[in-house]
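> Take this structure first; my questions come after.
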Amino acid sequence: MQGMSNKYKIIIASIIIGVCFLAGFGFALLYQPVSKTMRIYSHAMQDYAKGDYQNSYYLFSRVSFLSKLKPYAIYHQALCARELNDKKSEMKQYRLLFNNYTKNKLSLRARYSAAQLLLQDEPEQAKKYFEQIIKNYPDTDYAIASEYYLGLILFEKYKNKKIFPMSVKDDIEMAFRHYLEKAPQGRLALNAVSNWLLLDKEISKDDYLLMANTYYLFKDYGHARELLANASLSDSWVLDVKNSYALKNYSRAKYLVQYGLQNFAQYADEKDIRDVVDIYLSMSNSKKDDIDFLFNISKPKGKDYVWSLKCEAAPLAYQAGCYKQLYLNYSSGQYAPLALSNLFFDRILARDYESADKIGKDFLNKFKDSASAPMVMFWLGKVAEKNSEYDEYMSYFKSTIANYPDTYYAYRAYLAMKHINSAILNAYIKEQPVEYPYKNISKNDVIFKLAELKDYDILLEITDDDFIKSWIYYQKGDYSHSMLIARDAMEKITPKPERTDLRWRLVYPIDYYDEIRKYADLTGNDAPLMLALVREESYFNPEAKSSVGARGLMQLMPATAKEISAHYGYGLMSDDDLFKPELNIKIGNSYYAQLRSMLNNLDISAIAAYNGGIGSIGRWKKNLSYGDTDEFVEQIPYTETKNYVKKVFRSYWNYLRIYIDE
């Protein structure tokens with residue numbers, strides 16, 4: 001720099017320092033140690049939770065652009081701006097997200113939120129965003145909602161104008177119709193109906209039915225009834241039955257079931273037919289007579305369901321003949337496995353083991369994936385055992401456990417293999433916490449990072465995995481919702497995962513176990529069995545309340561609970577005290593112990609009595625002919641109680657196999 005004045009040297013040096021500073025600042029924005037990024041993100045979330053949206057916004061902005069967490073930080077900035085009512089900054093963050101992170105799942109959410117933000121002030125730009133969503137993400141909920149908003153934008157544009165072109169009305173109508181067809185119970189459904197009705201346009205019978213369905217789903221039965229009057233009865237009778245029943249107009253509901261089954265069943269979905277039949281029978285004073293009546297008036301479509309009910313209600317001596325006719329007439333229908341499995345068991349009760357063996361093998365050949373398959377495979381093992389065919393019966397029992405490991409029949413097969421006569425294994429379970437459902441996930445995976453940061457709302461937004469969703473709800477303390485999601489997800493998996501798979505803990509969580517074990521030990525009950533009972537009674541929802549008034553974790557009727565409480569001095573003050581988890585578990589264990597002591601300490605009988613009443617157990621044991629416990633359970637006359645026994649012991653078995661300390 002010879003010959004350069006000091007003034008210019010200072011200017012150049014300042015520029016160099018400035019460039020270096022900016023470069024360093026830019027590098028800091030681009031690069032961050034992972035630990036620092038996690039710390040910043042965590043503090044930002046804490047500030048958001050405390051309502052310090054300004055500082056939360058600032059902290060999220062400090063997350064490095066090179067971090068996988070950056071798009072989620074940008075989205076959080078938009079949420080902070082929304083809380084601060086800073087629409088400009090909110091929009092800026094949405095655009096930054098969907099323009100620069102197009103493949104990120106939050107990009108769609110950001111574009112949708114941006115479109116909503118623009119609805120009032122810039123409807124044409126909002127329209128473009130909604131159209132892009134429909135084009136690029138046609139099978140998403142956002143696309144469905146976008147269709148509604150396109151209709152709304154048109155409606156708002158023309159509603160106050162003198163000229164409202166019919167073609168525009170058609171477009172609005174189509175938008176609202178598509179939304180109601182795809183999301184009849186969606187958040188915007190009632191708005192779609194009310195705006196549609198404001199159009200000065202003739203409405204078709206099908207569209208009246210569509211709108212009536214939405215009102216029904218939102219329990220606005222009065223408006224649903226008004227719209228149903230304009231629909232075609234051949235299409236609307238099923239919904240009219242449901243709506244009339246909800247309005248307690250039982251005479252109309254019964255009439256419509258009869259008329260519909262006789263005249264319109266061929267146009268109805270089979271599930272709808274089952275629903276209206278169930279409604280009809282729920283109003284029945286003589287169930288058997290009404291089943292016979294419905295059977296006589298039913299047309300071929302859906303008649304197999306009524307037929308299955310007819311067989312179930314028939315006297316024991318006539319059931320086999322009924323199921324045989326059902327199977328012959330509907331050999332490929334939905335109730336064919338049920339019919340054939342009943343024929344199979346009838347031969348077992350008749351001690352005709354040769355025929356039972358043939359029918360059972362034929363069943364497994366045709367219906368190995370049906371709900372009745374575990375029962376048939378298990379009982380084929382019992383048949384082989386009665387015939388002293390050791391290798392064959394052991395093979396059937398092992399196959400039951402291998403192919404249907406989480407079923408009631410796997411539990412019964414295990415007992416049979418071990419020659420255990422008791423229903424209780426007297427085994428202790430090792431408590432294990434619910435964990436993130438997948439072991440083999442990289443700690444660098446963004447899903448794992450978000451889970452570690454407890455950013456559960458974002459996780460719910462971006463994951464399609466039901467087990468991760470279940471885990472999130474569990475972390476939030478919503479145990480019943482968590483369990484139901486995991487249960488339904490596991491039902492879809494074939495073959496089932498190993499018992500050590502972490503997903504099983506979400507299906508069978510150990511909630512309230514300290515209290516359950518404490519009072520089970522005090523009353524002499526089996527703690528894992530009481531845990532299974534709580535699971536099946538309430539899905540671990542301490543505020544559960546049944547339609548008949550049973551309350552709490554163990555679903556105790558207030559009158560029964562007060563009787564037990566008074567006897568033992570437990571201090572139950574009001575019906576709502578049963579929503580207190582520990583008190584409910586305390587009284588419930590005492591009640592179960594009382595039932596068990598009155599039934600010779602037989603737990604299967606006590607579980608049946610917990611559901612069906614102790615008086616019923618006495619009658620069944622007196623009137624039924626059975627050689628062992630398995631035959632007794634299969635013949636319990638009340639389907640609800642029979643299934644309840646199987647469900648509780650299925651849960652019991654799964655708690656043991658998942659948590660057994662081996």
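Note on naming: chains are A, B, ... as they come in the structure tokens, residues start from 1 per chain, ligands start from 1 in the order shown.
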Mind checking which residues fall within 12 Å of Lys271 (chain A), counting only C-alpha atoms, ignoring those fewer than 6 positions away in the same chain, and posting them as a PyMOL selection string?

chain A and resi 238+265+277-278+301-305+334

> Go ahead and write the residues just picked, C-alpha atoms, as a PDB file, in the first residue's frame.


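Final output, result17.pdb:
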ATOM      1  CA  VAL A 238     -80.601 -45.523   6.322  1.00  0.00           C
ATOM      2  CA  ALA A 265     -81.622 -52.961   0.671  1.00  0.00           C
ATOM      3  CA  VAL A 277     -80.710 -53.853  12.028  1.00  0.00           C
ATOM      4  CA  ASP A 278     -78.840 -53.156  15.267  1.00  0.00           C
ATOM      5  CA  LYS A 301     -78.098 -58.434   0.339  1.00  0.00           C
ATOM      6  CA  GLY A 302     -77.353 -58.128   4.035  1.00  0.00           C
ATOM      7  CA  LYS A 303     -79.548 -61.054   4.996  1.00  0.00           C
ATOM      8  CA  ASP A 304     -76.544 -63.095   6.094  1.00  0.00           C
ATOM      9  CA  TYR A 305     -76.047 -60.701   9.034  1.00  0.00           C
ATOM     10  CA  GLN A 334     -68.668 -62.315   5.414  1.00  0.00           C
TER      11      GLN A 334
END

> Excluding same-chain residues fewer than 3 positions from Met45 (chain A), what lies within 12 Å of it counting only C-alpha atoms, as a ChimeraX atom specification?

/A:38-42,48-60,72-73,76-77,79-80,450,453-458

> What's around region 116-119 of chain A at 10 Å? Count only C-alpha atoms, leave out sequence neighbours fewer than 2 positions away in its own chain, and write the answer as a PyMOL selection string.

chain A and resi 82+87-88+90-91+110-114+121-127+129-130+146+149-150+152-153

> Keeping only N, CA and C atoms, write the selected residues as a tab-separated table (two decimals), in the first residue's frame.


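And here's again.tsv as it stands now:
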chain	number	residue	atom	x	y	z
A	82	ARG	N	-47.72	-15.18	14.71
A	82	ARG	CA	-49.19	-15.22	14.80
A	82	ARG	C	-49.65	-14.80	16.19
A	87	LYS	N	-48.73	-10.18	11.18
A	87	LYS	CA	-49.06	-10.94	9.98
A	87	LYS	C	-47.94	-10.89	8.94
A	88	LYS	N	-47.25	-9.76	8.87
A	88	LYS	CA	-46.18	-9.62	7.89
A	88	LYS	C	-45.06	-10.63	8.16
A	90	GLU	N	-45.31	-13.34	10.00
A	90	GLU	CA	-45.88	-14.69	9.86
A	90	GLU	C	-45.84	-15.13	8.41
A	91	MET	N	-46.29	-14.26	7.51
A	91	MET	CA	-46.29	-14.60	6.10
A	91	MET	C	-44.87	-14.80	5.58
A	110	ALA	N	-47.43	-24.89	5.62
A	110	ALA	CA	-47.09	-23.47	5.54
A	110	ALA	C	-47.83	-22.79	4.40
A	111	ARG	N	-47.90	-23.46	3.25
A	111	ARG	CA	-48.60	-22.86	2.10
A	111	ARG	C	-50.10	-22.72	2.41
A	112	TYR	N	-50.66	-23.74	3.06
A	112	TYR	CA	-52.07	-23.70	3.43
A	112	TYR	C	-52.34	-22.56	4.43
A	113	SER	N	-51.45	-22.42	5.42
A	113	SER	CA	-51.61	-21.35	6.42
A	113	SER	C	-51.46	-19.98	5.78
A	114	ALA	N	-50.52	-19.87	4.82
A	114	ALA	CA	-50.34	-18.60	4.11
A	114	ALA	C	-51.59	-18.24	3.33
A	121	ASP	N	-57.58	-10.15	2.63
A	121	ASP	CA	-56.95	-9.00	1.98
A	121	ASP	C	-56.46	-9.28	0.56
A	122	GLU	N	-56.05	-10.50	0.30
A	122	GLU	CA	-55.53	-10.85	-1.03
A	122	GLU	C	-56.13	-12.18	-1.49
A	123	PRO	N	-57.43	-12.21	-1.73
A	123	PRO	CA	-58.08	-13.48	-2.07
A	123	PRO	C	-57.56	-14.13	-3.35
A	124	GLU	N	-57.13	-13.35	-4.32
A	124	GLU	CA	-56.62	-13.92	-5.56
A	124	GLU	C	-55.31	-14.67	-5.34
A	125	GLN	N	-54.46	-14.10	-4.48
A	125	GLN	CA	-53.21	-14.80	-4.16
A	125	GLN	C	-53.51	-16.05	-3.33
A	126	ALA	N	-54.47	-15.93	-2.41
A	126	ALA	CA	-54.89	-17.11	-1.63
A	126	ALA	C	-55.39	-18.20	-2.57
A	127	LYS	N	-56.16	-17.80	-3.57
A	127	LYS	CA	-56.71	-18.75	-4.55
A	127	LYS	C	-55.57	-19.51	-5.25
A	129	TYR	N	-52.58	-20.14	-4.12
A	129	TYR	CA	-51.98	-21.10	-3.19
A	129	TYR	C	-52.87	-22.34	-3.01
A	130	PHE	N	-54.17	-22.12	-2.86
A	130	PHE	CA	-55.09	-23.26	-2.70
A	130	PHE	C	-55.07	-24.14	-3.94
A	146	SER	N	-58.87	-27.02	0.85
A	146	SER	CA	-58.62	-26.00	-0.17
A	146	SER	C	-59.78	-25.89	-1.14
A	149	TYR	N	-62.31	-23.68	0.38
A	149	TYR	CA	-61.93	-22.26	0.36
A	149	TYR	C	-62.02	-21.66	-1.04
A	150	LEU	N	-61.77	-22.46	-2.08
A	150	LEU	CA	-61.96	-21.95	-3.44
A	150	LEU	C	-63.42	-21.58	-3.67
A	152	LEU	N	-65.50	-20.74	-1.27
A	152	LEU	CA	-65.78	-19.59	-0.42
A	152	LEU	C	-65.28	-18.28	-1.05
A	153	ILE	N	-64.10	-18.32	-1.68
A	153	ILE	CA	-63.56	-17.12	-2.33
A	153	ILE	C	-64.49	-16.64	-3.44

> Please provide as number ranges by chain all residues within 9 Å of Val633 (chain A), with the sequence filter that same-chain residues fewer than 2 positions apart are discarded (counting only C-alpha atoms).

A: 604, 608, 628-631, 635-636, 642, 645-646

> Need to verify the contact set: region 570-572 of chain A, 12 Å, only C-alpha atoms, exclusion of same-chain residues closer than 6 positions in sequence. Can you return it as a short mmCIF file (atom, residue, chain, number, x, y, z; two decimals) with N, CA and C atoms, in the first residue's frame?


data_model
loop_
_atom_site.label_atom_id
_atom_site.label_comp_id
_atom_site.auth_asym_id
_atom_site.auth_seq_id
_atom_site.Cartn_x
_atom_site.Cartn_y
_atom_site.Cartn_z
N PRO A 558 -72.15 -47.01 40.66
CA PRO A 558 -72.16 -46.30 41.95
C PRO A 558 -72.80 -47.09 43.09
N ALA A 559 -73.92 -47.76 42.81
CA ALA A 559 -74.61 -48.50 43.88
C ALA A 559 -73.73 -49.63 44.40
N THR A 560 -73.09 -50.36 43.48
CA THR A 560 -72.20 -51.45 43.88
C THR A 560 -71.02 -50.90 44.67
N ALA A 561 -70.43 -49.81 44.17
CA ALA A 561 -69.27 -49.22 44.83
C ALA A 561 -69.61 -48.75 46.25
N LYS A 562 -70.79 -48.16 46.42
CA LYS A 562 -71.20 -47.68 47.75
C LYS A 562 -71.40 -48.84 48.71
N GLU A 563 -71.91 -49.93 48.18
CA GLU A 563 -72.11 -51.12 49.02
C GLU A 563 -70.77 -51.67 49.50
N ILE A 564 -69.82 -51.77 48.58
CA ILE A 564 -68.48 -52.27 48.93
C ILE A 564 -67.79 -51.30 49.87
N LEU A 578 -65.69 -41.86 42.26
CA LEU A 578 -65.21 -43.03 41.51
C LEU A 578 -64.28 -42.63 40.36
N PHE A 579 -64.20 -41.35 40.06
CA PHE A 579 -63.26 -40.88 39.05
C PHE A 579 -61.86 -40.69 39.63
N LYS A 580 -61.72 -40.88 40.94
CA LYS A 580 -60.40 -40.82 41.57
C LYS A 580 -59.72 -42.17 41.37
N GLU A 582 -57.09 -43.98 42.47
CA GLU A 582 -56.72 -44.92 43.54
C GLU A 582 -57.95 -45.46 44.26
N LEU A 583 -58.93 -44.62 44.55
CA LEU A 583 -60.14 -45.09 45.23
C LEU A 583 -60.90 -46.08 44.35
N ASN A 584 -60.97 -45.80 43.07
CA ASN A 584 -61.66 -46.70 42.15
C ASN A 584 -60.98 -48.06 42.13
N ILE A 585 -59.66 -48.07 42.05
CA ILE A 585 -58.90 -49.32 42.02
C ILE A 585 -59.06 -50.08 43.34
N LYS A 586 -59.08 -49.34 44.43
CA LYS A 586 -59.24 -49.95 45.76
C LYS A 586 -60.59 -50.65 45.88
N ILE A 587 -61.66 -49.94 45.52
CA ILE A 587 -63.00 -50.53 45.61
C ILE A 587 -63.17 -51.65 44.59
N GLY A 588 -62.64 -51.43 43.37
CA GLY A 588 -62.77 -52.43 42.32
C GLY A 588 -62.11 -53.74 42.67
N SER A 590 -61.61 -54.89 45.72
CA SER A 590 -62.41 -55.53 46.78
C SER A 590 -63.65 -56.20 46.19
#

> Of the residues A:Asp171, A:Trp504, A:Met557, A:Val34, which is the one nearest to Lys443 (chain A), using only C-alpha atoms?

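Looking only at the distances to Lys443 (chain A), the closest residue turns out to be A:Val34.
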
> Using CA of Tyr519 (chain A) and CA of Tyr474 (chain A) as the two end points, give the distance in Å to one decimal.

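Pair CA of Tyr519 (chain A) / CA of Tyr474 (chain A) returns 24.5 Å.
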
> I'd like the contact shell of Leu338 (chain A) - 12 Å cut-off, only C-alpha atoms, skipping same-chain residues fewer than 3 positions apart - returned as a PDB file with N, CA and C atoms, in the first residue's frame.


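What landed in selection35.pdb:
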ATOM      1  N   ASP A 304     -77.420 -62.185   5.365  1.00  0.00           N
ATOM      2  CA  ASP A 304     -76.544 -63.095   6.094  1.00  0.00           C
ATOM      3  C   ASP A 304     -76.249 -62.579   7.507  1.00  0.00           C
ATOM      4  N   TYR A 305     -76.255 -61.243   7.688  1.00  0.00           N
ATOM      5  CA  TYR A 305     -76.047 -60.701   9.034  1.00  0.00           C
ATOM      6  C   TYR A 305     -77.235 -61.046   9.924  1.00  0.00           C
ATOM      7  N   TRP A 307     -79.211 -63.431   9.495  1.00  0.00           N
ATOM      8  CA  TRP A 307     -79.174 -64.886   9.643  1.00  0.00           C
ATOM      9  C   TRP A 307     -78.217 -65.281  10.771  1.00  0.00           C
ATOM     10  N   SER A 308     -77.064 -64.617  10.833  1.00  0.00           N
ATOM     11  CA  SER A 308     -76.106 -64.929  11.898  1.00  0.00           C
ATOM     12  C   SER A 308     -76.698 -64.606  13.273  1.00  0.00           C
ATOM     13  N   LEU A 309     -77.463 -63.521  13.351  1.00  0.00           N
ATOM     14  CA  LEU A 309     -78.136 -63.179  14.614  1.00  0.00           C
ATOM     15  C   LEU A 309     -79.207 -64.205  14.960  1.00  0.00           C
ATOM     16  N   CYS A 311     -79.183 -67.361  14.168  1.00  0.00           N
ATOM     17  CA  CYS A 311     -78.510 -68.566  14.648  1.00  0.00           C
ATOM     18  C   CYS A 311     -78.047 -68.394  16.089  1.00  0.00           C
ATOM     19  N   GLU A 312     -77.502 -67.220  16.377  1.00  0.00           N
ATOM     20  CA  GLU A 312     -77.008 -66.946  17.721  1.00  0.00           C
ATOM     21  C   GLU A 312     -78.136 -66.974  18.747  1.00  0.00           C
ATOM     22  N   ALA A 320     -76.782 -75.485  15.261  1.00  0.00           N
ATOM     23  CA  ALA A 320     -75.955 -76.120  14.230  1.00  0.00           C
ATOM     24  C   ALA A 320     -76.679 -76.155  12.892  1.00  0.00           C
ATOM     25  N   CYS A 322     -79.011 -74.177  11.895  1.00  0.00           N
ATOM     26  CA  CYS A 322     -79.116 -72.803  11.408  1.00  0.00           C
ATOM     27  C   CYS A 322     -77.814 -72.360  10.742  1.00  0.00           C
ATOM     28  N   TYR A 323     -76.682 -72.615  11.422  1.00  0.00           N
ATOM     29  CA  TYR A 323     -75.385 -72.223  10.860  1.00  0.00           C
ATOM     30  C   TYR A 323     -75.072 -72.999   9.575  1.00  0.00           C
ATOM     31  N   LYS A 324     -75.528 -74.227   9.516  1.00  0.00           N
ATOM     32  CA  LYS A 324     -75.301 -75.010   8.299  1.00  0.00           C
ATOM     33  C   LYS A 324     -76.002 -74.373   7.106  1.00  0.00           C
ATOM     34  N   LEU A 326     -76.901 -71.221   6.850  1.00  0.00           N
ATOM     35  CA  LEU A 326     -76.226 -69.950   6.583  1.00  0.00           C
ATOM     36  C   LEU A 326     -74.987 -70.189   5.726  1.00  0.00           C
ATOM     37  N   TYR A 327     -74.214 -71.195   6.079  1.00  0.00           N
ATOM     38  CA  TYR A 327     -72.985 -71.475   5.334  1.00  0.00           C
ATOM     39  C   TYR A 327     -73.288 -71.926   3.906  1.00  0.00           C
ATOM     40  N   TYR A 330     -74.426 -68.781   1.964  1.00  0.00           N
ATOM     41  CA  TYR A 330     -73.458 -67.672   1.852  1.00  0.00           C
ATOM     42  C   TYR A 330     -72.045 -68.213   2.095  1.00  0.00           C
ATOM     43  N   SER A 331     -71.632 -69.218   1.342  1.00  0.00           N
ATOM     44  CA  SER A 331     -70.355 -69.898   1.586  1.00  0.00           C
ATOM     45  C   SER A 331     -69.142 -69.006   1.350  1.00  0.00           C
ATOM     46  N   SER A 332     -69.309 -67.914   0.613  1.00  0.00           N
ATOM     47  CA  SER A 332     -68.205 -66.986   0.399  1.00  0.00           C
ATOM     48  C   SER A 332     -68.496 -65.618   1.011  1.00  0.00           C
ATOM     49  N   GLY A 333     -69.520 -65.564   1.848  1.00  0.00           N
ATOM     50  CA  GLY A 333     -69.917 -64.296   2.454  1.00  0.00           C
ATOM     51  C   GLY A 333     -69.115 -63.966   3.694  1.00  0.00           C
ATOM     52  N   GLN A 334     -69.401 -62.821   4.259  1.00  0.00           N
ATOM     53  CA  GLN A 334     -68.668 -62.315   5.414  1.00  0.00           C
ATOM     54  C   GLN A 334     -68.846 -63.196   6.645  1.00  0.00           C
ATOM     55  N   TYR A 335     -69.980 -63.874   6.742  1.00  0.00           N
ATOM     56  CA  TYR A 335     -70.267 -64.667   7.938  1.00  0.00           C
ATOM     57  C   TYR A 335     -70.044 -66.164   7.729  1.00  0.00           C
ATOM     58  N   SER A 341     -67.125 -72.242  11.680  1.00  0.00           N
ATOM     59  CA  SER A 341     -66.480 -72.471  12.978  1.00  0.00           C
ATOM     60  C   SER A 341     -67.495 -72.965  14.001  1.00  0.00           C
ATOM     61  N   ASN A 342     -68.729 -72.499  13.923  1.00  0.00           N
ATOM     62  CA  ASN A 342     -69.769 -72.989  14.828  1.00  0.00           C
ATOM     63  C   ASN A 342     -70.150 -74.432  14.524  1.00  0.00           C
ATOM     64  N   LEU A 343     -70.186 -74.783  13.244  1.00  0.00           N
ATOM     65  CA  LEU A 343     -70.430 -76.184  12.878  1.00  0.00           C
ATOM     66  C   LEU A 343     -69.315 -77.071  13.406  1.00  0.00           C
ATOM     67  N   PHE A 344     -68.093 -76.569  13.320  1.00  0.00           N
ATOM     68  CA  PHE A 344     -66.927 -77.282  13.832  1.00  0.00           C
ATOM     69  C   PHE A 344     -67.063 -77.527  15.334  1.00  0.00           C
ATOM     70  N   PHE A 345     -67.413 -76.487  16.087  1.00  0.00           N
ATOM     71  CA  PHE A 345     -67.506 -76.645  17.530  1.00  0.00           C
ATOM     72  C   PHE A 345     -68.702 -77.500  17.931  1.00  0.00           C
ATOM     73  N   PHE A 363     -61.772 -75.677   7.332  1.00  0.00           N
ATOM     74  CA  PHE A 363     -61.860 -74.270   7.717  1.00  0.00           C
ATOM     75  C   PHE A 363     -60.516 -73.576   7.536  1.00  0.00           C
ATOM     76  N   PHE A 367     -60.157 -70.354   5.446  1.00  0.00           N
ATOM     77  CA  PHE A 367     -60.287 -69.099   6.201  1.00  0.00           C
ATOM     78  C   PHE A 367     -59.177 -68.915   7.239  1.00  0.00           C
ATOM     79  N   SER A 370     -59.035 -65.508   9.003  1.00  0.00           N
ATOM     80  CA  SER A 370     -60.263 -64.963   9.579  1.00  0.00           C
ATOM     81  C   SER A 370     -60.134 -64.826  11.090  1.00  0.00           C
ATOM     82  N   ALA A 371     -61.069 -64.100  11.686  1.00  0.00           N
ATOM     83  CA  ALA A 371     -61.062 -63.888  13.135  1.00  0.00           C
ATOM     84  C   ALA A 371     -61.277 -65.192  13.905  1.00  0.00           C
ATOM     85  N   SER A 372     -61.920 -66.172  13.274  1.00  0.00           N
ATOM     86  CA  SER A 372     -62.213 -67.442  13.950  1.00  0.00           C
ATOM     87  C   SER A 372     -61.068 -68.449  13.832  1.00  0.00           C
ATOM     88  N   ALA A 373     -60.051 -68.143  13.035  1.00  0.00           N
ATOM     89  CA  ALA A 373     -58.978 -69.110  12.781  1.00  0.00           C
ATOM     90  C   ALA A 373     -58.222 -69.521  14.048  1.00  0.00           C
ATOM     91  N   MET A 375     -59.299 -69.787  17.062  1.00  0.00           N
ATOM     92  CA  MET A 375     -60.172 -70.693  17.815  1.00  0.00           C
ATOM     93  C   MET A 375     -60.163 -72.086  17.192  1.00  0.00           C
ATOM     94  N   VAL A 376     -60.276 -72.166  15.879  1.00  0.00           N
ATOM     95  CA  VAL A 376     -60.327 -73.468  15.203  1.00  0.00           C
ATOM     96  C   VAL A 376     -59.002 -74.205  15.362  1.00  0.00           C
TER      97      VAL A 376
END

> With only C-alpha atoms as the atoms that count, which of A:Asn601, A:Asp86, A:Glu461, A:Arg177 lies nearest to Leu108 (chain A)?

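So, comparing all the options, the nearest one is A:Glu461.
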
> Measure the distance from CA of Tyr404 (chain A) to CA of Asp464 (chain A) in Å and round it to one decimal.

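These atoms are spaced 26.3 Å apart.
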
> Mind pulling up the distance from CA of Ala336 (chain A) to CA of Trp379 (chain A)?

18.3 Å

> If you run DSSP on the backbone here, which positions in region 266-452 of chain A get alpha helix (DSSP H)? Please write them as JSON, numbers by chain.

{"A": [270, 271, 272, 273, 274, 275, 276, 277, 278, 279, 280, 281, 282, 287, 288, 289, 290, 291, 292, 293, 294, 295, 296, 297, 303, 304, 305, 306, 307, 308, 309, 310, 311, 312, 313, 316, 317, 318, 319, 320, 321, 322, 323, 324, 325, 326, 327, 328, 329, 336, 337, 338, 339, 340, 341, 342, 343, 344, 345, 346, 347, 348, 349, 353, 354, 355, 356, 357, 358, 359, 360, 361, 362, 363, 364, 365, 366, 367, 373, 374, 375, 376, 377, 378, 379, 380, 381, 382, 383, 384, 385, 386, 390, 391, 392, 393, 394, 395, 396, 397, 398, 399, 400, 401, 402, 403, 408, 409, 410, 411, 412, 413, 414, 415, 416, 417, 418, 446, 447, 448, 449, 450, 451, 452]}

> Would you tabulate, counting only C-alpha atoms, all residues of region 373-403 of chain A that have an atom at most 12 Å from an atom of region 479-500 of chain A, showing the closest pair of atoms and their distance in Å to one decimal, sorted by chain then ascending number, as CSV?


residue,atom,partner,partner_atom,distance
A:Ile401,CA,A:Lys496,CA,11.0
A:Ala402,CA,A:Lys496,CA,9.2
A:Asn403,CA,A:Pro495,CA,7.3

> Taking only C-alpha atoms into account, which of A:Asn243, A:Ser597, A:Gln432, A:Asn387 comes nearest Thr214 (chain A)?

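Smallest distance to Thr214 (chain A) is found for A:Asn243.
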
> Rank nothing, just name the residue among A:Arg650, A:Glu515, A:Lys398, A:Tyr353 nearest to Ala423 (chain A), using only C-alpha atoms.

A:Arg650
